[in-house]
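The file data01.pdb contains PDB, C-alpha atoms:
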ATOM      1  CA  MET A   1       0.000   0.000   0.000
ATOM      2  CA  ALA A   2       1.018   3.658  -0.284
ATOM      3  CA  ILE A   3       3.606   4.796   2.282
ATOM      4  CA  PHE A   4       3.990   8.529   2.862
ATOM      5  CA  HIS A   5       7.346  10.272   3.108
ATOM      6  CA  SER A   6       8.230  13.953   2.760
ATOM      7  CA  HIS A   7      11.570  15.525   3.597
ATOM      8  CA  ALA A   8      12.556  19.171   3.154
ATOM      9  CA  GLY A   9      16.073  20.569   3.071
ATOM     10  CA  ILE A  10      18.277  23.430   1.911
ATOM     11  CA  VAL A  11      21.141  23.609  -0.577
ATOM     12  CA  SER A  12      23.657  25.751   1.290
ATOM     13  CA  ARG A  13      27.306  26.468   0.651
ATOM     14  CA  SER A  14      27.946  26.105   4.379
ATOM     15  CA  SER A  15      27.464  22.354   3.983
ATOM     16  CA  GLY A  16      29.574  22.255   0.836
ATOM     17  CA  ARG A  17      26.609  21.858  -1.492
ATOM     18  CA  SER A  18      26.087  23.374  -4.923
ATOM     19  CA  ALA A  19      22.734  23.900  -6.634
ATOM     20  CA  VAL A  20      24.304  22.903  -9.940
ATOM     21  CA  ALA A  21      25.553  19.600  -8.502
ATOM     22  CA  ALA A  22      22.202  18.884  -6.851
ATOM     23  CA  SER A  23      20.315  19.521 -10.089
ATOM     24  CA  ALA A  24      22.681  17.303 -12.072
ATOM     25  CA  TYR A  25      22.111  14.505  -9.549
ATOM     26  CA  ILE A  26      18.306  14.537  -9.526
ATOM     27  CA  ALA A  27      18.092  14.763 -13.332
ATOM     28  CA  ALA A  28      20.945  12.325 -14.064
ATOM     29  CA  LYS A  29      22.692  14.919 -16.218
ATOM     30  CA  GLN A  30      26.175  16.264 -16.766
ATOM     31  CA  MET A  31      26.408  19.908 -15.754
ATOM     32  CA  ILE A  32      29.244  22.389 -15.316
ATOM     33  CA  ASP A  33      29.380  24.468 -12.159
ATOM     34  CA  GLU A  34      30.732  27.682 -13.663
ATOM     35  CA  ARG A  35      31.457  29.270 -10.294
ATOM     36  CA  GLN A  36      33.697  26.434  -9.128
ATOM     37  CA  ASN A  37      34.727  25.175 -12.582
ATOM     38  CA  ILE A  38      33.657  21.627 -11.705
ATOM     39  CA  ILE A  39      31.922  19.085 -13.941
ATOM     40  CA  HIS A  40      29.213  17.047 -12.249
ATOM     41  CA  ASP A  41      28.351  13.896 -14.198
ATOM     42  CA  TYR A  42      25.469  11.655 -13.092
ATOM     43  CA  THR A  43      24.546  10.349 -16.535
ATOM     44  CA  LYS A  44      25.038   6.727 -15.426
ATOM     45  CA  LYS A  45      21.917   6.931 -13.239
ATOM     46  CA  SER A  46      19.096   5.068 -14.954
ATOM     47  CA  ASN A  47      16.046   5.490 -12.721
ATOM     48  CA  VAL A  48      14.927   8.965 -13.813
ATOM     49  CA  LEU A  49      11.428   8.808 -15.283
ATOM     50  CA  ILE A  50      11.198  12.531 -16.071
ATOM     51  CA  SER A  51      13.006  15.764 -15.231
ATOM     52  CA  LYS A  52      11.458  19.145 -15.894
ATOM     53  CA  ILE A  53      11.437  22.787 -14.862
ATOM     54  CA  LEU A  54       8.199  24.458 -13.802
ATOM     55  CA  ALA A  55       8.038  28.241 -14.028
ATOM     56  CA  PRO A  56       5.451  31.037 -13.934
ATOM     57  CA  THR A  57       3.823  32.129 -17.166
ATOM     58  CA  ASN A  58       5.944  34.785 -18.902
ATOM     59  CA  ALA A  59       9.097  33.777 -17.058
ATOM     60  CA  PRO A  60      12.232  34.353 -19.184
ATOM     61  CA  ASP A  61      13.395  31.439 -21.317
ATOM     62  CA  TRP A  62      16.695  31.050 -19.451
ATOM     63  CA  VAL A  63      14.959  29.666 -16.339
ATOM     64  CA  LYS A  64      13.828  26.630 -18.357
ATOM     65  CA  GLU A  65      17.379  25.310 -18.802
ATOM     66  CA  SER A  66      18.602  23.698 -15.592
ATOM     67  CA  ASP A  67      22.306  24.413 -16.081
ATOM     68  CA  THR A  68      21.623  28.081 -16.828
ATOM     69  CA  LEU A  69      19.084  28.386 -14.014
ATOM     70  CA  TRP A  70      21.297  27.078 -11.234
ATOM     71  CA  ASN A  71      24.495  28.711 -12.421
ATOM     72  CA  ARG A  72      22.623  32.009 -12.421
ATOM     73  CA  ALA A  73      21.207  31.276  -8.975
ATOM     74  CA  GLU A  74      24.708  30.652  -7.631
ATOM     75  CA  ASN A  75      26.189  33.704  -9.355
ATOM     76  CA  PHE A  76      23.317  35.926  -8.202
ATOM     77  CA  GLU A  77      24.282  35.316  -4.579
ATOM     78  CA  ASP A  78      27.790  36.563  -5.412
ATOM     79  CA  GLU A  79      26.280  39.663  -6.991
ATOM     80  CA  ILE A  80      24.141  40.294  -3.910
ATOM     81  CA  ALA A  81      27.214  39.958  -1.715
ATOM     82  CA  SER A  82      29.066  42.550  -3.791
ATOM     83  CA  LEU A  83      26.121  44.951  -3.591
ATOM     84  CA  ARG A  84      25.531  44.461   0.112
ATOM     85  CA  PHE A  85      29.149  44.569   1.284
ATOM     86  CA  ARG A  86      30.917  47.268  -0.739
ATOM     87  CA  GLY A  87      33.700  47.991   1.682
ATOM     88  CA  HIS A  88      34.425  51.229   3.523
ATOM     89  CA  LYS A  89      37.023  53.994   3.520
ATOM     90  CA  ASP A  90      37.599  53.455   7.214
ATOM     91  CA  PRO A  91      40.117  50.544   7.527
ATOM     92  CA  ASP A  92      38.400  48.924  10.527
ATOM     93  CA  LYS A  93      34.955  49.132   8.975
ATOM     94  CA  ASN A  94      36.354  47.867   5.689
ATOM     95  CA  ILE A  95      37.721  44.772   7.413
ATOM     96  CA  LYS A  96      34.323  44.112   8.991
ATOM     97  CA  SER A  97      32.676  44.505   5.583
ATOM     98  CA  GLU A  98      35.116  42.077   3.968
ATOM     99  CA  VAL A  99      34.587  39.521   6.738
ATOM    100  CA  ALA A 100      30.799  39.843   6.413
ATOM    101  CA  LYS A 101      31.038  39.396   2.647
ATOM    102  CA  PHE A 102      33.213  36.310   3.047
ATOM    103  CA  ASP A 103      30.785  34.791   5.551
ATOM    104  CA  TYR A 104      27.833  35.480   3.247
ATOM    105  CA  LEU A 105      29.560  33.894   0.260
ATOM    106  CA  GLN A 106      30.454  30.810   2.299
ATOM    107  CA  SER A 107      26.935  30.292   3.652
ATOM    108  CA  ALA A 108      24.618  31.408   0.831
ATOM    109  CA  GLN A 109      21.487  29.319   0.315
ATOM    110  CA  THR A 110      20.571  28.689  -3.310
ATOM    111  CA  ALA A 111      17.667  26.223  -3.190
ATOM    112  CA  GLN A 112      15.058  24.591  -1.020
ATOM    113  CA  THR A 113      14.767  20.846  -1.609
ATOM    114  CA  LEU A 114      11.990  18.305  -1.293
ATOM    115  CA  GLU A 115      12.085  14.526  -1.486
ATOM    116  CA  CYS A 116       8.640  12.931  -1.380
ATOM    117  CA  SER A 117       7.364   9.418  -1.894
ATOM    118  CA  LEU A 118       4.912   8.569  -4.660
ATOM    119  CA  PRO A 119       2.149   5.978  -4.217
ATOM    120  CA  VAL A 120       3.141   2.666  -5.785
ATOM    121  CA  GLU A 121      -0.522   2.260  -6.751
ATOM    122  CA  LEU A 122      -0.412   5.127  -9.274
ATOM    123  CA  ASP A 123       0.952   4.832 -12.818
ATOM    124  CA  HIS A 124       3.624   7.026 -14.387
ATOM    125  CA  GLU A 125       1.304   9.504 -16.062
ATOM    126  CA  THR A 126      -0.821  10.021 -12.945
ATOM    127  CA  CYS A 127       2.254  10.542 -10.771
ATOM    128  CA  ILE A 128       3.586  13.191 -13.140
ATOM    129  CA  LYS A 129       0.253  15.038 -12.993
ATOM    130  CA  LEU A 130       0.217  14.756  -9.195
ATOM    131  CA  VAL A 131       3.738  16.123  -8.789
ATOM    132  CA  GLU A 132       3.326  18.993 -11.232
ATOM    133  CA  GLU A 133      -0.033  20.038  -9.800
ATOM    134  CA  TYR A 134       1.376  20.091  -6.280
ATOM    135  CA  LEU A 135       4.605  21.935  -7.103
ATOM    136  CA  THR A 136       2.801  24.498  -9.242
ATOM    137  CA  GLN A 137       0.158  25.157  -6.605
ATOM    138  CA  ARG A 138       2.590  25.433  -3.708
ATOM    139  CA  PHE A 139       5.711  27.033  -5.183
ATOM    140  CA  VAL A 140       5.341  28.278  -8.760
ATOM    141  CA  SER A 141       2.338  30.300  -7.608
ATOM    142  CA  ARG A 142       4.839  32.310  -5.516
ATOM    143  CA  SER A 143       6.922  33.014  -8.667
ATOM    144  CA  LEU A 144       9.527  30.487  -7.544
ATOM    145  CA  ILE A 145      11.183  28.228 -10.118
ATOM    146  CA  VAL A 146      11.004  24.476  -9.540
ATOM    147  CA  ASP A 147      13.373  21.895 -11.011
ATOM    148  CA  TYR A 148      11.989  18.405 -10.382
ATOM    149  CA  ALA A 149      12.676  14.796 -11.295
ATOM    150  CA  ILE A 150      10.836  11.552 -10.627
ATOM    151  CA  HIS A 151      12.994   8.563  -9.697
ATOM    152  CA  TRP A 152      11.102   5.379 -10.447
ATOM    153  CA  GLU A 153      12.747   2.829  -8.174
ATOM    154  CA  ILE A 154      11.007  -0.518  -7.714
ATOM    155  CA  GLY A 155       9.045  -0.334  -4.479
ATOM    156  CA  ASN A 156      10.211   3.222  -3.840
ATOM    157  CA  PRO A 157       9.017   5.681  -6.485
ATOM    158  CA  HIS A 158       9.656   9.260  -5.371
ATOM    159  CA  PHE A 159      10.363  12.725  -6.632
ATOM    160  CA  HIS A 160      13.050  15.279  -5.912
ATOM    161  CA  ALA A 161      12.361  18.990  -6.265
ATOM    162  CA  MET A 162      14.673  21.968  -6.084
ATOM    163  CA  ILE A 163      12.983  25.311  -5.511
ATOM    164  CA  THR A 164      14.778  28.609  -5.970
ATOM    165  CA  ARG A 165      15.202  30.631  -2.785
ATOM    166  CA  ARG A 166      14.366  33.760  -4.742
ATOM    167  CA  ALA A 167      11.303  34.419  -6.847
ATOM    168  CA  ILE A 168      11.710  35.457 -10.451
ATOM    169  CA  ASP A 169      10.924  39.113 -11.023
ATOM    170  CA  LEU A 170       8.816  39.071 -14.174
ATOM    171  CA  GLU A 171       9.406  42.793 -14.767
ATOM    172  CA  THR A 172      13.207  42.625 -14.723
ATOM    173  CA  GLY A 173      13.591  39.031 -15.884
ATOM    174  CA  SER A 174      16.003  38.343 -13.034
ATOM    175  CA  PHE A 175      15.868  37.011  -9.493
ATOM    176  CA  SER A 176      14.361  39.113  -6.743
ATOM    177  CA  LYS A 177      16.856  40.792  -4.419
ATOM    178  CA  VAL A 178      14.714  39.593  -1.521
ATOM    179  CA  LYS A 179      14.504  35.900  -0.647
ATOM    180  CA  ASP A 180      11.228  34.134   0.017
ATOM    181  CA  ARG A 181      12.027  33.455   3.678
ATOM    182  CA  ASN A 182       8.471  32.571   4.660
ATOM    183  CA  ILE A 183       8.284  29.392   2.586
ATOM    184  CA  VAL A 184      11.181  27.771   4.487
ATOM    185  CA  GLU A 185       9.916  28.580   7.978
ATOM    186  CA  LYS A 186       9.027  25.556  10.102
ATOM    187  CA  ASP A 187       5.274  26.102  10.012
ATOM    188  CA  GLN A 188       5.330  26.534   6.233
ATOM    189  CA  ILE A 189       7.393  23.370   5.759
ATOM    190  CA  LYS A 190       4.721  21.537   7.754
ATOM    191  CA  GLU A 191       2.072  23.176   5.571
ATOM    192  CA  SER A 192       3.889  22.064   2.404
ATOM    193  CA  ARG A 193       3.911  18.520   3.789
ATOM    194  CA  LYS A 194       0.191  18.651   4.607
ATOM    195  CA  ILE A 195      -0.741  20.033   1.186
ATOM    196  CA  TYR A 196       1.179  17.207  -0.485
ATOM    197  CA  ALA A 197      -0.423  14.569   1.766
ATOM    198  CA  ASP A 198      -3.874  15.916   0.951
ATOM    199  CA  LYS A 199      -3.030  15.954  -2.763
ATOM    200  CA  VAL A 200      -1.842  12.331  -2.656
ATOM    201  CA  ASN A 201      -5.007  11.228  -0.869
ATOM    202  CA  LEU A 202      -7.126  13.086  -3.423
ATOM    203  CA  TYR A 203      -5.412  11.317  -6.322
ATOM    204  CA  LEU A 204      -5.733   7.922  -4.629
ATOM    205  CA  GLU A 205      -9.420   8.576  -4.049
ATOM    206  CA  ARG A 206      -9.908   9.570  -7.697
ATOM    207  CA  GLU A 207      -8.371   6.284  -8.764
ATOM    208  CA  GLY A 208     -10.616   4.309  -6.408
ATOM    209  CA  ILE A 209      -7.698   3.240  -4.214
ATOM    210  CA  GLU A 210      -8.340   2.980  -0.482
ATOM    211  CA  ALA A 211      -4.660   2.955   0.578
TER     212      ALA A 211
END

As structure tokens, how would this structure be written, given the file I've shared?
Amino acid sequence: MAIFHSHAGIVSRSSGRSAVAASAYIAAKQMIDERQNIIHDYTKKSNVLISKILAPTNAPDWVKESDTLWNRAENFEDEIASLRFRGHKDPDKNIKSEVAKFDYLQSAQTAQTLECSLPVELDHETCIKLVEEYLTQRFVSRSLIVDYAIHWEIGNPHFHAMITRRAIDLETGSFSKVKDRNIVEKDQIKESRKIYADKVNLYLEREGIEA
């Protein structure tokens, strides 16, 4: 019968993670992390049913390419650091600014992550509809970009999703300078979990499955 699992996390430089590497892993792709000049190759993985990017209507075309999306997300944090910590004429204050900039660059968060189980009772097509409906309703509606992939493992079908920490500004065609901090708060993570659970139950009910 269906077993529910939902785990949320963060891609943060403080834990040595890269959004580019994480995206390459979930999609079983080869991608180049331009910031670190590292190639991440997961093309030998064979359990990826589908990988796709979900974005708001009228979002710029560049968000729909995973390598471009996550390299830009990583580089945007560097740009924010340069804007926020510009140094100072006073030597002591300049040192503090440089230290703050270094700390920001070392701890920047570039994505929220989700790993959720899929009911073994549902077929491929229905699972894709379920995942895309949920991610669009919960995250894309906030102008966040979602990169997701379904891993169809025997007895353990599940999906991975990476959600940008910053919404896309449809007027400028770039990321917002303000992060969506609300969506990663504890109560909102619980709400995301509940919404997904309700969505799974709805789909099971539609299919006449009592699990």

Using all atoms listed in the file, find each residue of segment 43-138 of chain A with at least one atom at most 12 Å away from an atom of segment 192-209 of chain A; report its shortest atom-to-atom pair and that distance in Å (one decimal), sort the rows by chain and rising residue number, and return the result as CSV.
residue,atom,partner,partner_atom,distance
A:Gln112,CA,A:Ser192,CA,12.0
A:Thr113,CA,A:Ser192,CA,11.7
A:Leu114,CA,A:Arg193,CA,9.5
A:Glu115,CA,A:Arg193,CA,10.5
A:Cys116,CA,A:Tyr196,CA,8.6
A:Ser117,CA,A:Val200,CA,9.7
A:Leu118,CA,A:Val200,CA,8.0
A:Pro119,CA,A:Val200,CA,7.7
A:Val120,CA,A:Leu204,CA,10.4
A:Glu121,CA,A:Ile209,CA,7.7
A:Leu122,CA,A:Leu204,CA,7.6
A:Asp123,CA,A:Glu207,CA,10.3
A:Glu125,CA,A:Tyr203,CA,12.0
A:Thr126,CA,A:Tyr203,CA,8.2
A:Cys127,CA,A:Tyr203,CA,8.9
A:Ile128,CA,A:Tyr203,CA,11.4
A:Lys129,CA,A:Tyr203,CA,9.5
A:Leu130,CA,A:Tyr203,CA,7.2
A:Val131,CA,A:Tyr196,CA,8.8
A:Glu132,CA,A:Lys199,CA,11.0
A:Glu133,CA,A:Lys199,CA,8.7
A:Tyr134,CA,A:Tyr196,CA,6.5
A:Leu135,CA,A:Tyr196,CA,8.8
A:Thr136,CA,A:Tyr196,CA,11.5
A:Gln137,CA,A:Ile195,CA,9.4
A:Arg138,CA,A:Ser192,CA,7.1

Residue nearest Trp62 of chain A among A:Ile145, A:Val140, A:Ile189, A:Ile150 (counting only C-alpha atoms): A:Ile145

Just how far from atom CA of Val63 of chain A is atom CA of Tyr148 of chain A, in Å to one decimal?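 Going from atom CA of Tyr148 of chain A over to atom CA of Val63 of chain A covers 13.1 Å.
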
Who sits within 9 Å of segment 71-76 of chain A, all atoms listed in the file, same chain under 5 positions skipped, as a PDB file with C-alpha atoms, in the frame of the given file:
ATOM      1  CA  SER A  18      26.087  23.374  -4.923  1.00  0.00           C
ATOM      2  CA  ALA A  19      22.734  23.900  -6.634  1.00  0.00           C
ATOM      3  CA  VAL A  20      24.304  22.903  -9.940  1.00  0.00           C
ATOM      4  CA  ILE A  32      29.244  22.389 -15.316  1.00  0.00           C
ATOM      5  CA  ASP A  33      29.380  24.468 -12.159  1.00  0.00           C
ATOM      6  CA  GLU A  34      30.732  27.682 -13.663  1.00  0.00           C
ATOM      7  CA  ARG A  35      31.457  29.270 -10.294  1.00  0.00           C
ATOM      8  CA  VAL A  63      14.959  29.666 -16.339  1.00  0.00           C
ATOM      9  CA  SER A  66      18.602  23.698 -15.592  1.00  0.00           C
ATOM     10  CA  ALA A  81      27.214  39.958  -1.715  1.00  0.00           C
ATOM     11  CA  ALA A 108      24.618  31.408   0.831  1.00  0.00           C
ATOM     12  CA  GLN A 109      21.487  29.319   0.315  1.00  0.00           C
ATOM     13  CA  THR A 110      20.571  28.689  -3.310  1.00  0.00           C
ATOM     14  CA  ALA A 111      17.667  26.223  -3.190  1.00  0.00           C
ATOM     15  CA  THR A 164      14.778  28.609  -5.970  1.00  0.00           C
ATOM     16  CA  ARG A 165      15.202  30.631  -2.785  1.00  0.00           C
ATOM     17  CA  ARG A 166      14.366  33.760  -4.742  1.00  0.00           C
ATOM     18  CA  PHE A 175      15.868  37.011  -9.493  1.00  0.00           C
ATOM     19  CA  LYS A 177      16.856  40.792  -4.419  1.00  0.00           C
TER      20      LYS A 177
END

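Residues captured in this structure file are Tyr25, Ile26, Ala27, Ala28, Lys29, Tyr42, Thr43, Lys44, Lys45, Asn47, Val48, Leu49, Ile50, Ile150, His151, Trp152 and Glu153 of chain A, according to the PyMOL selection byres ((chain A and resi 46) around 12).
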
Long-range neighbours of Phe102 of chain A as a PyMOL selection string, 12 Å cut-off, all atoms listed in the file, 2 positions minimum in chain: chain A and resi 13-14+77-78+81-82+84-87+95-100+104-108

Figure out the distance between atom CA of Lys186 of chain A and atom CA of Ile163 of chain A, please, to one decimal in Å. 16.1 Å

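Candidate residues A:Phe4, A:Ser143, A:Thr68, A:Ala211 were compared for distance to Glu171 of chain A, and the nearest is A:Ser143, using all atoms listed in the file.
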
When you draw a straight line from atom CA of Ile80 of chain A to atom CA of Lys101 of chain A, how long is it in Å? 9.6 Å

Given the point (5.4, 31.2, -10.5) in the coordinates of this file, which residues lie within 9 Å, counting all atoms listed in the file, and how would they look as an mmCIF file with C-alpha atoms, in the frame of the given file?
data_model
loop_
_atom_site.group_PDB
_atom_site.id
_atom_site.type_symbol
_atom_site.label_atom_id
_atom_site.label_comp_id
_atom_site.auth_asym_id
_atom_site.auth_seq_id
_atom_site.Cartn_x
_atom_site.Cartn_y
_atom_site.Cartn_z
ATOM 1 C CA LEU A 54 8.199 24.458 -13.802
ATOM 2 C CA ALA A 55 8.038 28.241 -14.028
ATOM 3 C CA PRO A 56 5.451 31.037 -13.934
ATOM 4 C CA THR A 57 3.823 32.129 -17.166
ATOM 5 C CA ALA A 59 9.097 33.777 -17.058
ATOM 6 C CA THR A 136 2.801 24.498 -9.242
ATOM 7 C CA GLN A 137 0.158 25.157 -6.605
ATOM 8 C CA PHE A 139 5.711 27.033 -5.183
ATOM 9 C CA VAL A 140 5.341 28.278 -8.760
ATOM 10 C CA SER A 141 2.338 30.300 -7.608
ATOM 11 C CA ARG A 142 4.839 32.310 -5.516
ATOM 12 C CA SER A 143 6.922 33.014 -8.667
ATOM 13 C CA LEU A 144 9.527 30.487 -7.544
ATOM 14 C CA ILE A 145 11.183 28.228 -10.118
ATOM 15 C CA VAL A 146 11.004 24.476 -9.540
ATOM 16 C CA ALA A 167 11.303 34.419 -6.847
ATOM 17 C CA ILE A 168 11.710 35.457 -10.451
#

Segment 59-64 of chain A, all listed atoms, 4 Å padding on each side: what axis-aligned box centre and edge lengths in Å to one decimal come out, as AutoDock Vina command-line options?
--center_x 12.9 --center_y 30.5 --center_z -18.8 --size_x 15.6 --size_y 15.7 --size_z 13.0
